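entry-v3.txt (compact mmCIF, N, CA and C atoms) appears below.
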# COMPACT_ATOMS: atom_id res chain seq x y z
N MET O 247 119.93 113.39 82.37
CA MET O 247 119.17 112.17 82.13
C MET O 247 117.87 112.54 81.43
N ASN O 248 117.51 111.74 80.47
CA ASN O 248 116.30 111.92 79.68
C ASN O 248 115.06 111.74 80.59
N PRO O 249 114.05 112.60 80.49
CA PRO O 249 112.84 112.45 81.33
C PRO O 249 112.13 111.11 81.11
N THR O 250 112.19 110.59 79.89
CA THR O 250 111.55 109.30 79.61
C THR O 250 112.24 108.19 80.39
N LYS O 251 113.57 108.23 80.47
CA LYS O 251 114.31 107.22 81.22
C LYS O 251 114.00 107.33 82.72
N LEU O 252 113.90 108.55 83.19
CA LEU O 252 113.61 108.75 84.61
C LEU O 252 112.22 108.20 84.97
N ILE O 253 111.23 108.46 84.14
CA ILE O 253 109.87 107.94 84.37
C ILE O 253 109.89 106.42 84.30
N ALA O 254 110.64 105.87 83.35
CA ALA O 254 110.73 104.41 83.21
C ALA O 254 111.34 103.78 84.45
N ILE O 255 112.39 104.37 84.98
CA ILE O 255 113.03 103.83 86.17
C ILE O 255 112.10 103.92 87.38
N ILE O 256 111.38 105.01 87.50
CA ILE O 256 110.42 105.15 88.60
C ILE O 256 109.31 104.11 88.50
N LEU O 257 108.80 103.87 87.28
CA LEU O 257 107.75 102.86 87.08
C LEU O 257 108.26 101.47 87.43
N ILE O 258 109.48 101.15 87.01
CA ILE O 258 110.03 99.83 87.31
C ILE O 258 110.21 99.66 88.82
N ALA O 259 110.73 100.69 89.49
CA ALA O 259 110.93 100.61 90.94
C ALA O 259 109.59 100.50 91.68
N ALA O 260 108.60 101.29 91.26
CA ALA O 260 107.29 101.23 91.91
C ALA O 260 106.62 99.88 91.68
N GLY O 261 106.76 99.35 90.47
CA GLY O 261 106.20 98.03 90.19
C GLY O 261 106.86 96.94 91.01
N GLY O 262 108.18 97.04 91.16
CA GLY O 262 108.90 96.07 91.98
C GLY O 262 108.48 96.13 93.44
N LEU O 263 108.33 97.35 93.95
CA LEU O 263 107.87 97.50 95.34
C LEU O 263 106.44 96.98 95.51
N GLY O 264 105.61 97.20 94.49
CA GLY O 264 104.24 96.69 94.55
C GLY O 264 104.20 95.17 94.57
N LEU O 265 105.11 94.54 93.81
CA LEU O 265 105.17 93.08 93.82
C LEU O 265 105.68 92.54 95.15
N VAL O 266 106.66 93.22 95.73
CA VAL O 266 107.25 92.73 96.98
C VAL O 266 106.30 92.93 98.15
N TYR O 267 105.75 94.14 98.29
CA TYR O 267 104.93 94.45 99.46
C TYR O 267 103.44 94.21 99.26
N GLY O 268 102.93 94.31 98.06
CA GLY O 268 101.52 94.06 97.80
C GLY O 268 100.59 95.18 98.22
N GLY O 269 101.12 96.27 98.71
CA GLY O 269 100.29 97.40 99.12
C GLY O 269 101.00 98.22 100.17
N PHE O 270 100.27 99.18 100.74
CA PHE O 270 100.84 100.02 101.79
C PHE O 270 99.74 100.42 102.75
N SER O 271 100.14 100.86 103.93
CA SER O 271 99.17 101.30 104.92
C SER O 271 99.56 102.68 105.44
N TYR O 272 98.56 103.39 105.94
CA TYR O 272 98.78 104.71 106.50
C TYR O 272 97.81 104.92 107.66
N THR O 273 98.14 105.89 108.51
CA THR O 273 97.32 106.18 109.67
C THR O 273 96.56 107.49 109.45
N LYS O 274 95.27 107.45 109.70
CA LYS O 274 94.41 108.62 109.55
C LYS O 274 93.90 109.01 110.94
N GLU O 275 94.10 110.28 111.29
CA GLU O 275 93.66 110.75 112.60
C GLU O 275 92.38 111.58 112.43
N THR O 276 91.37 111.22 113.20
CA THR O 276 90.09 111.94 113.16
C THR O 276 89.67 112.31 114.59
N THR O 277 88.76 113.25 114.68
CA THR O 277 88.22 113.63 115.98
C THR O 277 87.01 112.77 116.26
N GLY O 278 87.10 111.95 117.31
CA GLY O 278 86.02 111.04 117.66
C GLY O 278 84.91 111.74 118.41
N MET O 279 85.29 112.63 119.35
CA MET O 279 84.29 113.32 120.15
C MET O 279 84.89 114.64 120.61
N LYS O 280 84.04 115.65 120.69
CA LYS O 280 84.49 116.97 121.14
C LYS O 280 83.48 117.51 122.16
N LEU O 281 83.95 117.71 123.38
CA LEU O 281 83.12 118.28 124.44
C LEU O 281 83.79 119.55 124.93
N GLY O 282 83.37 120.66 124.39
CA GLY O 282 83.99 121.94 124.75
C GLY O 282 85.45 121.96 124.34
N PRO O 283 86.35 122.24 125.29
CA PRO O 283 87.77 122.29 124.94
C PRO O 283 88.44 120.90 124.89
N ILE O 284 87.71 119.87 125.28
CA ILE O 284 88.28 118.53 125.31
C ILE O 284 87.93 117.79 124.01
N GLU O 285 88.96 117.26 123.37
CA GLU O 285 88.76 116.50 122.13
C GLU O 285 89.32 115.09 122.30
N LEU O 286 88.61 114.13 121.71
CA LEU O 286 89.07 112.75 121.70
C LEU O 286 89.50 112.43 120.28
N LYS O 287 90.80 112.17 120.12
CA LYS O 287 91.35 111.86 118.79
C LYS O 287 91.38 110.35 118.61
N VAL O 288 91.02 109.91 117.42
CA VAL O 288 91.01 108.48 117.08
C VAL O 288 91.94 108.27 115.89
N GLN O 289 92.82 107.29 115.99
CA GLN O 289 93.71 106.96 114.88
C GLN O 289 93.24 105.66 114.24
N GLU O 290 92.98 105.74 112.94
CA GLU O 290 92.56 104.57 112.19
C GLU O 290 93.68 104.19 111.22
N GLN O 291 93.99 102.92 111.16
CA GLN O 291 94.99 102.48 110.21
C GLN O 291 94.28 101.94 108.97
N LYS O 292 94.58 102.54 107.83
CA LYS O 292 93.98 102.15 106.56
C LYS O 292 95.02 101.39 105.74
N THR O 293 94.57 100.42 104.96
CA THR O 293 95.45 99.63 104.11
C THR O 293 94.97 99.73 102.67
N VAL O 294 95.90 99.99 101.77
CA VAL O 294 95.61 100.05 100.34
C VAL O 294 96.34 98.90 99.67
N ASN O 295 95.59 97.99 99.06
CA ASN O 295 96.19 96.85 98.38
C ASN O 295 96.44 97.21 96.91
N VAL O 296 97.64 96.87 96.43
CA VAL O 296 98.00 97.12 95.04
C VAL O 296 97.86 95.78 94.30
N PRO O 297 96.97 95.71 93.31
CA PRO O 297 96.79 94.45 92.59
C PRO O 297 98.07 94.02 91.86
N LEU O 298 98.25 92.73 91.75
CA LEU O 298 99.42 92.16 91.09
C LEU O 298 99.53 92.63 89.65
N ILE O 299 98.41 92.72 88.94
CA ILE O 299 98.42 93.09 87.53
C ILE O 299 98.89 94.54 87.36
N VAL O 300 98.58 95.41 88.32
CA VAL O 300 99.01 96.81 88.24
C VAL O 300 100.53 96.90 88.42
N SER O 301 101.06 96.14 89.37
CA SER O 301 102.51 96.13 89.58
C SER O 301 103.24 95.59 88.36
N ALA O 302 102.76 94.47 87.82
CA ALA O 302 103.39 93.89 86.64
C ALA O 302 103.26 94.82 85.44
N GLY O 303 102.14 95.48 85.31
CA GLY O 303 101.94 96.43 84.21
C GLY O 303 102.88 97.61 84.31
N ALA O 304 103.15 98.09 85.52
CA ALA O 304 104.09 99.20 85.70
C ALA O 304 105.50 98.78 85.28
N ILE O 305 105.88 97.56 85.62
CA ILE O 305 107.21 97.07 85.22
C ILE O 305 107.30 96.95 83.71
N VAL O 306 106.28 96.37 83.09
CA VAL O 306 106.28 96.20 81.63
C VAL O 306 106.31 97.56 80.93
N LEU O 307 105.52 98.50 81.41
CA LEU O 307 105.50 99.84 80.82
C LEU O 307 106.85 100.54 80.99
N GLY O 308 107.48 100.37 82.15
CA GLY O 308 108.79 100.96 82.38
C GLY O 308 109.85 100.39 81.46
N VAL O 309 109.84 99.07 81.29
CA VAL O 309 110.81 98.44 80.37
C VAL O 309 110.54 98.91 78.94
N PHE O 310 109.28 99.01 78.55
CA PHE O 310 108.92 99.48 77.21
C PHE O 310 109.45 100.90 76.99
N LEU O 311 109.27 101.77 77.97
CA LEU O 311 109.74 103.15 77.84
C LEU O 311 111.27 103.20 77.76
N LEU O 312 111.95 102.31 78.48
CA LEU O 312 113.41 102.28 78.37
C LEU O 312 113.87 101.84 76.99
N VAL O 313 113.20 100.84 76.43
CA VAL O 313 113.57 100.34 75.11
C VAL O 313 113.26 101.38 74.03
N VAL O 314 112.09 101.99 74.11
CA VAL O 314 111.70 102.99 73.11
C VAL O 314 112.53 104.26 73.26
N GLY O 315 112.91 104.61 74.48
CA GLY O 315 113.67 105.81 74.73
C GLY O 315 115.08 105.76 74.18
N ARG O 316 115.61 104.58 73.93
CA ARG O 316 116.97 104.44 73.42
C ARG O 316 117.06 104.75 71.93
N LYS O 317 115.97 104.64 71.23
CA LYS O 317 116.00 104.84 69.77
C LYS O 317 115.98 106.28 69.40
Render the structure in this file as C-alpha cells.
Amino acid sequence: MNPTKLIAIILIAAGGLGLVYGGFSYTKETTGMKLGPIELKVQEQKTVNVPLIVSAGAIVLGVFLLVVGRK
C-alpha cells in the first residue's frame, strides 16, 4: 500500500472519530503529599476537546490525498 494512501486513511478515520466523539480524556496520576515512606497519589481526569473544524479539515485533507495519490 502506498504511504500516501495510508496517511489519507488514517486522517479520514481520525477526523471521523473527532466528529463523533468531539475529544478524548485521560487520567494523570500525581503525588499529592509525601510524608517519609507514605505517599498520597491523586488521579486527575483531563479532557482534551477536538474542535469541529480540525476534524473536518482532517477528513478533507485525507480525501484530497486519496484523490491526488491516484494520479
Atomic separation - atom CA of Leu312 of chain O relative to atom CA of Pro249 of chain O, Å
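Spanning atom CA of Pro249 of chain O to atom CA of Leu312 of chain O is a straight-line distance of 10.6 Å.
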O:Leu265, O:Leu257, O:Met279, O:Val294: which is nearest Leu307 of chain O, counting all atoms listed in the file?
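Under the stated criterion, the closest residue is O:Leu257.
Proximity to Ile258 of chain O was assessed for O:Thr276, O:Glu290, O:Gly308, O:Asn295 counting only N, CA and C atoms; the smallest distance is recorded for O:Gly308.
Of note, atom CA of Ile253 of chain O and atom C of Val266 of chain O are spaced 20.7 Å apart.
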For the structure I just gave you, how does DSSP split chain O - specifically, which residues are alpha helix (DSSP H)? Reply as an mmCIF file with N, CA and C atoms, in the coordinates of the input.
data_model
loop_
_atom_site.group_PDB
_atom_site.id
_atom_site.type_symbol
_atom_site.label_atom_id
_atom_site.label_comp_id
_atom_site.auth_asym_id
_atom_site.auth_seq_id
_atom_site.Cartn_x
_atom_site.Cartn_y
_atom_site.Cartn_z
ATOM 1 N N PRO O 249 114.050 112.600 80.490
ATOM 2 C CA PRO O 249 112.840 112.450 81.330
ATOM 3 C C PRO O 249 112.130 111.110 81.110
ATOM 4 N N THR O 250 112.190 110.590 79.890
ATOM 5 C CA THR O 250 111.550 109.300 79.610
ATOM 6 C C THR O 250 112.240 108.190 80.390
ATOM 7 N N LYS O 251 113.570 108.230 80.470
ATOM 8 C CA LYS O 251 114.310 107.220 81.220
ATOM 9 C C LYS O 251 114.000 107.330 82.720
ATOM 10 N N LEU O 252 113.900 108.550 83.190
ATOM 11 C CA LEU O 252 113.610 108.750 84.610
ATOM 12 C C LEU O 252 112.220 108.200 84.970
ATOM 13 N N ILE O 253 111.230 108.460 84.140
ATOM 14 C CA ILE O 253 109.870 107.940 84.370
ATOM 15 C C ILE O 253 109.890 106.420 84.300
ATOM 16 N N ALA O 254 110.640 105.870 83.350
ATOM 17 C CA ALA O 254 110.730 104.410 83.210
ATOM 18 C C ALA O 254 111.340 103.780 84.450
ATOM 19 N N ILE O 255 112.390 104.370 84.980
ATOM 20 C CA ILE O 255 113.030 103.830 86.170
ATOM 21 C C ILE O 255 112.100 103.920 87.380
ATOM 22 N N ILE O 256 111.380 105.010 87.500
ATOM 23 C CA ILE O 256 110.420 105.150 88.600
ATOM 24 C C ILE O 256 109.310 104.110 88.500
ATOM 25 N N LEU O 257 108.800 103.870 87.280
ATOM 26 C CA LEU O 257 107.750 102.860 87.080
ATOM 27 C C LEU O 257 108.260 101.470 87.430
ATOM 28 N N ILE O 258 109.480 101.150 87.010
ATOM 29 C CA ILE O 258 110.030 99.830 87.310
ATOM 30 C C ILE O 258 110.210 99.660 88.820
ATOM 31 N N ALA O 259 110.730 100.690 89.490
ATOM 32 C CA ALA O 259 110.930 100.610 90.940
ATOM 33 C C ALA O 259 109.590 100.500 91.680
ATOM 34 N N ALA O 260 108.600 101.290 91.260
ATOM 35 C CA ALA O 260 107.290 101.230 91.910
ATOM 36 C C ALA O 260 106.620 99.880 91.680
ATOM 37 N N GLY O 261 106.760 99.350 90.470
ATOM 38 C CA GLY O 261 106.200 98.030 90.190
ATOM 39 C C GLY O 261 106.860 96.940 91.010
ATOM 40 N N GLY O 262 108.180 97.040 91.160
ATOM 41 C CA GLY O 262 108.900 96.070 91.980
ATOM 42 C C GLY O 262 108.480 96.130 93.440
ATOM 43 N N LEU O 263 108.330 97.350 93.950
ATOM 44 C CA LEU O 263 107.870 97.500 95.340
ATOM 45 C C LEU O 263 106.440 96.980 95.510
ATOM 46 N N GLY O 264 105.610 97.200 94.490
ATOM 47 C CA GLY O 264 104.240 96.690 94.550
ATOM 48 C C GLY O 264 104.200 95.170 94.570
ATOM 49 N N LEU O 265 105.110 94.540 93.810
ATOM 50 C CA LEU O 265 105.170 93.080 93.820
ATOM 51 C C LEU O 265 105.680 92.540 95.150
ATOM 52 N N VAL O 266 106.660 93.220 95.730
ATOM 53 C CA VAL O 266 107.250 92.730 96.980
ATOM 54 C C VAL O 266 106.300 92.930 98.150
ATOM 55 N N TYR O 267 105.750 94.140 98.290
ATOM 56 C CA TYR O 267 104.930 94.450 99.460
ATOM 57 C C TYR O 267 103.440 94.210 99.260
ATOM 58 N N LEU O 298 98.250 92.730 91.750
ATOM 59 C CA LEU O 298 99.420 92.160 91.090
ATOM 60 C C LEU O 298 99.530 92.630 89.650
ATOM 61 N N ILE O 299 98.410 92.720 88.940
ATOM 62 C CA ILE O 299 98.420 93.090 87.530
ATOM 63 C C ILE O 299 98.890 94.540 87.360
ATOM 64 N N VAL O 300 98.580 95.410 88.320
ATOM 65 C CA VAL O 300 99.010 96.810 88.240
ATOM 66 C C VAL O 300 100.530 96.900 88.420
ATOM 67 N N SER O 301 101.060 96.140 89.370
ATOM 68 C CA SER O 301 102.510 96.130 89.580
ATOM 69 C C SER O 301 103.240 95.590 88.360
ATOM 70 N N ALA O 302 102.760 94.470 87.820
ATOM 71 C CA ALA O 302 103.390 93.890 86.640
ATOM 72 C C ALA O 302 103.260 94.820 85.440
ATOM 73 N N GLY O 303 102.140 95.480 85.310
ATOM 74 C CA GLY O 303 101.940 96.430 84.210
ATOM 75 C C GLY O 303 102.880 97.610 84.310
ATOM 76 N N ALA O 304 103.150 98.090 85.520
ATOM 77 C CA ALA O 304 104.090 99.200 85.700
ATOM 78 C C ALA O 304 105.500 98.780 85.280
ATOM 79 N N ILE O 305 105.880 97.560 85.620
ATOM 80 C CA ILE O 305 107.210 97.070 85.220
ATOM 81 C C ILE O 305 107.300 96.950 83.710
ATOM 82 N N VAL O 306 106.280 96.370 83.090
ATOM 83 C CA VAL O 306 106.280 96.200 81.630
ATOM 84 C C VAL O 306 106.310 97.560 80.930
ATOM 85 N N LEU O 307 105.520 98.500 81.410
ATOM 86 C CA LEU O 307 105.500 99.840 80.820
ATOM 87 C C LEU O 307 106.850 100.540 80.990
ATOM 88 N N GLY O 308 107.480 100.370 82.150
ATOM 89 C CA GLY O 308 108.790 100.960 82.380
ATOM 90 C C GLY O 308 109.850 100.390 81.460
ATOM 91 N N VAL O 309 109.840 99.070 81.290
ATOM 92 C CA VAL O 309 110.810 98.440 80.370
ATOM 93 C C VAL O 309 110.540 98.910 78.940
ATOM 94 N N PHE O 310 109.280 99.010 78.550
ATOM 95 C CA PHE O 310 108.920 99.480 77.210
ATOM 96 C C PHE O 310 109.450 100.900 76.990
ATOM 97 N N LEU O 311 109.270 101.770 77.970
ATOM 98 C CA LEU O 311 109.740 103.150 77.840
ATOM 99 C C LEU O 311 111.270 103.200 77.760
ATOM 100 N N LEU O 312 111.950 102.310 78.480
ATOM 101 C CA LEU O 312 113.410 102.280 78.370
ATOM 102 C C LEU O 312 113.870 101.840 76.990
ATOM 103 N N VAL O 313 113.200 100.840 76.430
ATOM 104 C CA VAL O 313 113.570 100.340 75.110
ATOM 105 C C VAL O 313 113.260 101.380 74.030
ATOM 106 N N VAL O 314 112.090 101.990 74.110
ATOM 107 C CA VAL O 314 111.700 102.990 73.110
ATOM 108 C C VAL O 314 112.530 104.260 73.260
ATOM 109 N N GLY O 315 112.910 104.610 74.480
ATOM 110 C CA GLY O 315 113.670 105.810 74.730
ATOM 111 C C GLY O 315 115.080 105.760 74.180
#
Of the listed residues O:Gly261, O:Val314, O:Thr273, O:Lys251, that which approaches Val288 of chain O most closely, counting only C-alpha atoms:
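Of O:Gly261, O:Val314, O:Thr273, O:Lys251, the one nearest Val288 of chain O is O:Thr273, counting only C-alpha atoms.
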Residues within 8 Å of Ala260 of chain O, please, as a ChimeraX atom specification. Count all atoms listed in the file; anything in the same chain fewer than 5 positions from it doesn't count.
/O:254-255,265-266,300-302,304-305
Kindly give the distance, in Å, that separates atom N of Leu298 of chain O and atom CA of Ile256 of chain O, rounded to a single decimal.
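Computing it gives 17.7 Å between the two atoms.
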Between O:Arg316, O:Asn248, O:Val309, O:Gln291, which one has atoms that come closest to Ser271 of chain O, using all atoms listed in the file?
O:Gln291
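Proximity of O:Gly278, O:Gly315, O:Gly268, O:Pro283 to Ile299 of chain O, computed with only C-alpha atoms, is greatest for O:Gly268.
Residues of segment 262-307 of chain O assigned to strand (DSSP E or B) by DSSP on this structure's backbone: O:Gly269, O:Phe270, O:Ser271, O:Tyr272, O:Thr273, O:Lys274, O:Glu275, O:Thr276, O:Thr277, O:Gly278, O:Met279, O:Lys280, O:Leu281, O:Ile284, O:Glu285, O:Leu286, O:Lys287, O:Val288, O:Gln289, O:Glu290, O:Gln291, O:Lys292, O:Thr293, O:Val294, O:Asn295.
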Keeping N, CA and C atoms for every residue in the selection just given, could you write it to a file as a PDB file, keeping the file's coordinate frame?
ATOM      1  N   GLY O 269     101.120  96.270  98.710  1.00  0.00           N
ATOM      2  CA  GLY O 269     100.290  97.400  99.120  1.00  0.00           C
ATOM      3  C   GLY O 269     101.000  98.220 100.170  1.00  0.00           C
ATOM      4  N   PHE O 270     100.270  99.180 100.740  1.00  0.00           N
ATOM      5  CA  PHE O 270     100.840 100.020 101.790  1.00  0.00           C
ATOM      6  C   PHE O 270      99.740 100.420 102.750  1.00  0.00           C
ATOM      7  N   SER O 271     100.140 100.860 103.930  1.00  0.00           N
ATOM      8  CA  SER O 271      99.170 101.300 104.920  1.00  0.00           C
ATOM      9  C   SER O 271      99.560 102.680 105.440  1.00  0.00           C
ATOM     10  N   TYR O 272      98.560 103.390 105.940  1.00  0.00           N
ATOM     11  CA  TYR O 272      98.780 104.710 106.500  1.00  0.00           C
ATOM     12  C   TYR O 272      97.810 104.920 107.660  1.00  0.00           C
ATOM     13  N   THR O 273      98.140 105.890 108.510  1.00  0.00           N
ATOM     14  CA  THR O 273      97.320 106.180 109.670  1.00  0.00           C
ATOM     15  C   THR O 273      96.560 107.490 109.450  1.00  0.00           C
ATOM     16  N   LYS O 274      95.270 107.450 109.700  1.00  0.00           N
ATOM     17  CA  LYS O 274      94.410 108.620 109.550  1.00  0.00           C
ATOM     18  C   LYS O 274      93.900 109.010 110.940  1.00  0.00           C
ATOM     19  N   GLU O 275      94.100 110.280 111.290  1.00  0.00           N
ATOM     20  CA  GLU O 275      93.660 110.750 112.600  1.00  0.00           C
ATOM     21  C   GLU O 275      92.380 111.580 112.430  1.00  0.00           C
ATOM     22  N   THR O 276      91.370 111.220 113.200  1.00  0.00           N
ATOM     23  CA  THR O 276      90.090 111.940 113.160  1.00  0.00           C
ATOM     24  C   THR O 276      89.670 112.310 114.590  1.00  0.00           C
ATOM     25  N   THR O 277      88.760 113.250 114.680  1.00  0.00           N
ATOM     26  CA  THR O 277      88.220 113.630 115.980  1.00  0.00           C
ATOM     27  C   THR O 277      87.010 112.770 116.260  1.00  0.00           C
ATOM     28  N   GLY O 278      87.100 111.950 117.310  1.00  0.00           N
ATOM     29  CA  GLY O 278      86.020 111.040 117.660  1.00  0.00           C
ATOM     30  C   GLY O 278      84.910 111.740 118.410  1.00  0.00           C
ATOM     31  N   MET O 279      85.290 112.630 119.350  1.00  0.00           N
ATOM     32  CA  MET O 279      84.290 113.320 120.150  1.00  0.00           C
ATOM     33  C   MET O 279      84.890 114.640 120.610  1.00  0.00           C
ATOM     34  N   LYS O 280      84.040 115.650 120.690  1.00  0.00           N
ATOM     35  CA  LYS O 280      84.490 116.970 121.140  1.00  0.00           C
ATOM     36  C   LYS O 280      83.480 117.510 122.160  1.00  0.00           C
ATOM     37  N   LEU O 281      83.950 117.710 123.380  1.00  0.00           N
ATOM     38  CA  LEU O 281      83.120 118.280 124.440  1.00  0.00           C
ATOM     39  C   LEU O 281      83.790 119.550 124.930  1.00  0.00           C
ATOM     40  N   ILE O 284      87.710 119.870 125.280  1.00  0.00           N
ATOM     41  CA  ILE O 284      88.280 118.530 125.310  1.00  0.00           C
ATOM     42  C   ILE O 284      87.930 117.790 124.010  1.00  0.00           C
ATOM     43  N   GLU O 285      88.960 117.260 123.370  1.00  0.00           N
ATOM     44  CA  GLU O 285      88.760 116.500 122.130  1.00  0.00           C
ATOM     45  C   GLU O 285      89.320 115.090 122.300  1.00  0.00           C
ATOM     46  N   LEU O 286      88.610 114.130 121.710  1.00  0.00           N
ATOM     47  CA  LEU O 286      89.070 112.750 121.700  1.00  0.00           C
ATOM     48  C   LEU O 286      89.500 112.430 120.280  1.00  0.00           C
ATOM     49  N   LYS O 287      90.800 112.170 120.120  1.00  0.00           N
ATOM     50  CA  LYS O 287      91.350 111.860 118.790  1.00  0.00           C
ATOM     51  C   LYS O 287      91.380 110.350 118.610  1.00  0.00           C
ATOM     52  N   VAL O 288      91.020 109.910 117.420  1.00  0.00           N
ATOM     53  CA  VAL O 288      91.010 108.480 117.080  1.00  0.00           C
ATOM     54  C   VAL O 288      91.940 108.270 115.890  1.00  0.00           C
ATOM     55  N   GLN O 289      92.820 107.290 115.990  1.00  0.00           N
ATOM     56  CA  GLN O 289      93.710 106.960 114.880  1.00  0.00           C
ATOM     57  C   GLN O 289      93.240 105.660 114.240  1.00  0.00           C
ATOM     58  N   GLU O 290      92.980 105.740 112.940  1.00  0.00           N
ATOM     59  CA  GLU O 290      92.560 104.570 112.190  1.00  0.00           C
ATOM     60  C   GLU O 290      93.680 104.190 111.220  1.00  0.00           C
ATOM     61  N   GLN O 291      93.990 102.920 111.160  1.00  0.00           N
ATOM     62  CA  GLN O 291      94.990 102.480 110.210  1.00  0.00           C
ATOM     63  C   GLN O 291      94.280 101.940 108.970  1.00  0.00           C
ATOM     64  N   LYS O 292      94.580 102.540 107.830  1.00  0.00           N
ATOM     65  CA  LYS O 292      93.980 102.150 106.560  1.00  0.00           C
ATOM     66  C   LYS O 292      95.020 101.390 105.740  1.00  0.00           C
ATOM     67  N   THR O 293      94.570 100.420 104.960  1.00  0.00           N
ATOM     68  CA  THR O 293      95.450  99.630 104.110  1.00  0.00           C
ATOM     69  C   THR O 293      94.970  99.730 102.670  1.00  0.00           C
ATOM     70  N   VAL O 294      95.900  99.990 101.770  1.00  0.00           N
ATOM     71  CA  VAL O 294      95.610 100.050 100.340  1.00  0.00           C
ATOM     72  C   VAL O 294      96.340  98.900  99.670  1.00  0.00           C
ATOM     73  N   ASN O 295      95.590  97.990  99.060  1.00  0.00           N
ATOM     74  CA  ASN O 295      96.190  96.850  98.380  1.00  0.00           C
ATOM     75  C   ASN O 295      96.440  97.210  96.910  1.00  0.00           C
TER      76      ASN O 295
END
